[in-house]
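Asks: Here it is: the structure, laid out below.
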Amino acid sequence: MKIAIGNDHVALEMKLKIKEYLQEKGIAVTDVGTDSPERCDYPIYGEKVANLVAHKEADCGILICGTGVGISLSANKVNGIRACICSEPYSARLSKQHNNTNILAFGARVVGIELAKMIVDEWLNAEYEGGRHQNRIDMISEIEKRNS
Ligand code: RB5
């Protein structure tokens, strides 16, 4: 499995810890940055990770900024991306099982590192259930097509 990861300056420390956590599990990580604590603009990194996922150069993505809001909003502008912010494991699991999310986002100012790891684990271990949920995912794609 290959995961693309991206962050802004606020989330640099959290990104490094999550990246290490994933690598310890044997997961390949493509890190698009930022690797600097200098103030930067989260849409750059949201788009980079979203493009890797949309073009299937990564299986899925993880995005972290202060709240997870700006960076997930940015990723969701890329066709085919379903990014969600999760501040607890339950939503993370259900977002995969029901909504087939392909990017997980969270806020470095919102969750601590141990909770972030739990959220990541729950999301990665969950599987999309398909079935009755697929029609709704198709409807989301139709919204994308109608408005692009
Ligand atoms: C940066 O100050 C902050 O706005 C950003 O990390 C994020 O929280 C935006 O949604």
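Chain labels follow the order of the structure tokens: the first chain is A, the next B, and so on; residue numbering restarts at 1 in every chain, and ligands are counted from 1 in their shown order.
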Please identify every polymer residue within 9 Å of ligand 1, using only C-alpha atoms and all ligand atoms, and present the set as a VMD selection string.
Replies: chain A and resid 7 to 11 39 to 42 64 to 73 107 to 109
Asks: Selection from above, N, CA and C atoms, as a PDB file, in the first residue's frame, can you write it?
Replies:
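Dumped to out-v2.pdb:
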ATOM      1  N   ASN A   7       0.693  18.326   4.384  1.00  0.00           N
ATOM      2  CA  ASN A   7       0.414  19.142   5.583  1.00  0.00           C
ATOM      3  C   ASN A   7       0.825  20.579   5.343  1.00  0.00           C
ATOM      4  N   ASP A   8       0.343  21.465   6.203  1.00  0.00           N
ATOM      5  CA  ASP A   8       0.878  22.826   6.200  1.00  0.00           C
ATOM      6  C   ASP A   8       1.856  22.974   7.376  1.00  0.00           C
ATOM      7  N   HIS A   9       2.345  24.199   7.571  1.00  0.00           N
ATOM      8  CA  HIS A   9       3.357  24.448   8.609  1.00  0.00           C
ATOM      9  C   HIS A   9       2.874  24.093  10.015  1.00  0.00           C
ATOM     10  N   VAL A  10       1.575  24.316  10.272  1.00  0.00           N
ATOM     11  CA  VAL A  10       1.025  24.059  11.606  1.00  0.00           C
ATOM     12  C   VAL A  10       1.146  22.573  11.969  1.00  0.00           C
ATOM     13  N   ALA A  11       1.075  21.725  10.950  1.00  0.00           N
ATOM     14  CA  ALA A  11       0.976  20.282  11.167  1.00  0.00           C
ATOM     15  C   ALA A  11       2.270  19.538  10.867  1.00  0.00           C
ATOM     16  N   ARG A  39       5.560  29.639   7.457  1.00  0.00           N
ATOM     17  CA  ARG A  39       4.141  29.747   7.111  1.00  0.00           C
ATOM     18  C   ARG A  39       3.952  29.451   5.620  1.00  0.00           C
ATOM     19  N   CYS A  40       2.935  28.660   5.296  1.00  0.00           N
ATOM     20  CA  CYS A  40       2.686  28.306   3.899  1.00  0.00           C
ATOM     21  C   CYS A  40       1.177  28.212   3.690  1.00  0.00           C
ATOM     22  N   ASP A  41       0.781  27.872   2.467  1.00  0.00           N
ATOM     23  CA  ASP A  41      -0.635  27.837   2.109  1.00  0.00           C
ATOM     24  C   ASP A  41      -1.106  26.394   1.928  1.00  0.00           C
ATOM     25  N   TYR A  42      -2.038  25.976   2.779  1.00  0.00           N
ATOM     26  CA  TYR A  42      -2.490  24.571   2.775  1.00  0.00           C
ATOM     27  C   TYR A  42      -3.078  24.086   1.447  1.00  0.00           C
ATOM     28  N   ILE A  64      -3.145  16.922   6.825  1.00  0.00           N
ATOM     29  CA  ILE A  64      -3.199  17.513   8.169  1.00  0.00           C
ATOM     30  C   ILE A  64      -2.885  19.008   8.071  1.00  0.00           C
ATOM     31  N   CYS A  65      -3.774  19.821   8.623  1.00  0.00           N
ATOM     32  CA  CYS A  65      -3.453  21.248   8.815  1.00  0.00           C
ATOM     33  C   CYS A  65      -3.871  21.587  10.247  1.00  0.00           C
ATOM     34  N   GLY A  66      -4.116  22.845  10.542  1.00  0.00           N
ATOM     35  CA  GLY A  66      -4.454  23.185  11.916  1.00  0.00           C
ATOM     36  C   GLY A  66      -5.744  22.515  12.370  1.00  0.00           C
ATOM     37  N   THR A  67      -6.771  22.644  11.540  1.00  0.00           N
ATOM     38  CA  THR A  67      -8.076  22.045  11.848  1.00  0.00           C
ATOM     39  C   THR A  67      -8.418  20.856  10.962  1.00  0.00           C
ATOM     40  N   GLY A  68      -7.745  20.744   9.845  1.00  0.00           N
ATOM     41  CA  GLY A  68      -8.114  19.754   8.820  1.00  0.00           C
ATOM     42  C   GLY A  68      -9.110  20.328   7.825  1.00  0.00           C
ATOM     43  N   VAL A  69      -9.639  21.513   8.112  1.00  0.00           N
ATOM     44  CA  VAL A  69     -10.717  22.071   7.279  1.00  0.00           C
ATOM     45  C   VAL A  69     -10.186  22.545   5.931  1.00  0.00           C
ATOM     46  N   GLY A  70      -9.264  23.498   5.954  1.00  0.00           N
ATOM     47  CA  GLY A  70      -8.810  24.098   4.696  1.00  0.00           C
ATOM     48  C   GLY A  70      -8.189  23.086   3.755  1.00  0.00           C
ATOM     49  N   ILE A  71      -7.411  22.196   4.295  1.00  0.00           N
ATOM     50  CA  ILE A  71      -6.673  21.246   3.450  1.00  0.00           C
ATOM     51  C   ILE A  71      -7.621  20.190   2.864  1.00  0.00           C
ATOM     52  N   SER A  72      -8.671  19.821   3.606  1.00  0.00           N
ATOM     53  CA  SER A  72      -9.638  18.864   3.051  1.00  0.00           C
ATOM     54  C   SER A  72     -10.560  19.542   2.040  1.00  0.00           C
ATOM     55  N   LEU A  73     -10.926  20.797   2.292  1.00  0.00           N
ATOM     56  CA  LEU A  73     -11.733  21.532   1.307  1.00  0.00           C
ATOM     57  C   LEU A  73     -10.988  21.617  -0.014  1.00  0.00           C
ATOM     58  N   GLY A 107      -6.976  17.633  12.230  1.00  0.00           N
ATOM     59  CA  GLY A 107      -6.343  18.882  12.628  1.00  0.00           C
ATOM     60  C   GLY A 107      -5.295  18.663  13.700  1.00  0.00           C
ATOM     61  N   ALA A 108      -4.105  19.168  13.450  1.00  0.00           N
ATOM     62  CA  ALA A 108      -3.018  19.041  14.430  1.00  0.00           C
ATOM     63  C   ALA A 108      -3.300  19.864  15.685  1.00  0.00           C
ATOM     64  N   ARG A 109      -4.181  20.869  15.534  1.00  0.00           N
ATOM     65  CA  ARG A 109      -4.563  21.666  16.703  1.00  0.00           C
ATOM     66  C   ARG A 109      -5.796  21.089  17.393  1.00  0.00           C
TER      67      ARG A 109
END
Asks: Where in range 15-105 of chain A does DSSP assign helix (DSSP H, G or I), given as a ChimeraX atom specification?
Replies: /A:15-24,42-54,69-75,89-97
Asks: Would you please work out which residue, of A:Gly130, A:Asp121, A:Lys96, A:Asn135, is nearest to Tyr21 in chain A when using only C-alpha atoms?
Replies: A:Asp121
Asks: Find the residue from A:Thr30, A:Ser95, A:Asn76, A:Gln134 that sits nearest to Lys15 in chain A; use only C-alpha atoms when measuring.
Replies: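 Once distances to Lys15 in chain A are computed over only C-alpha atoms, the minimum belongs to A:Thr30.
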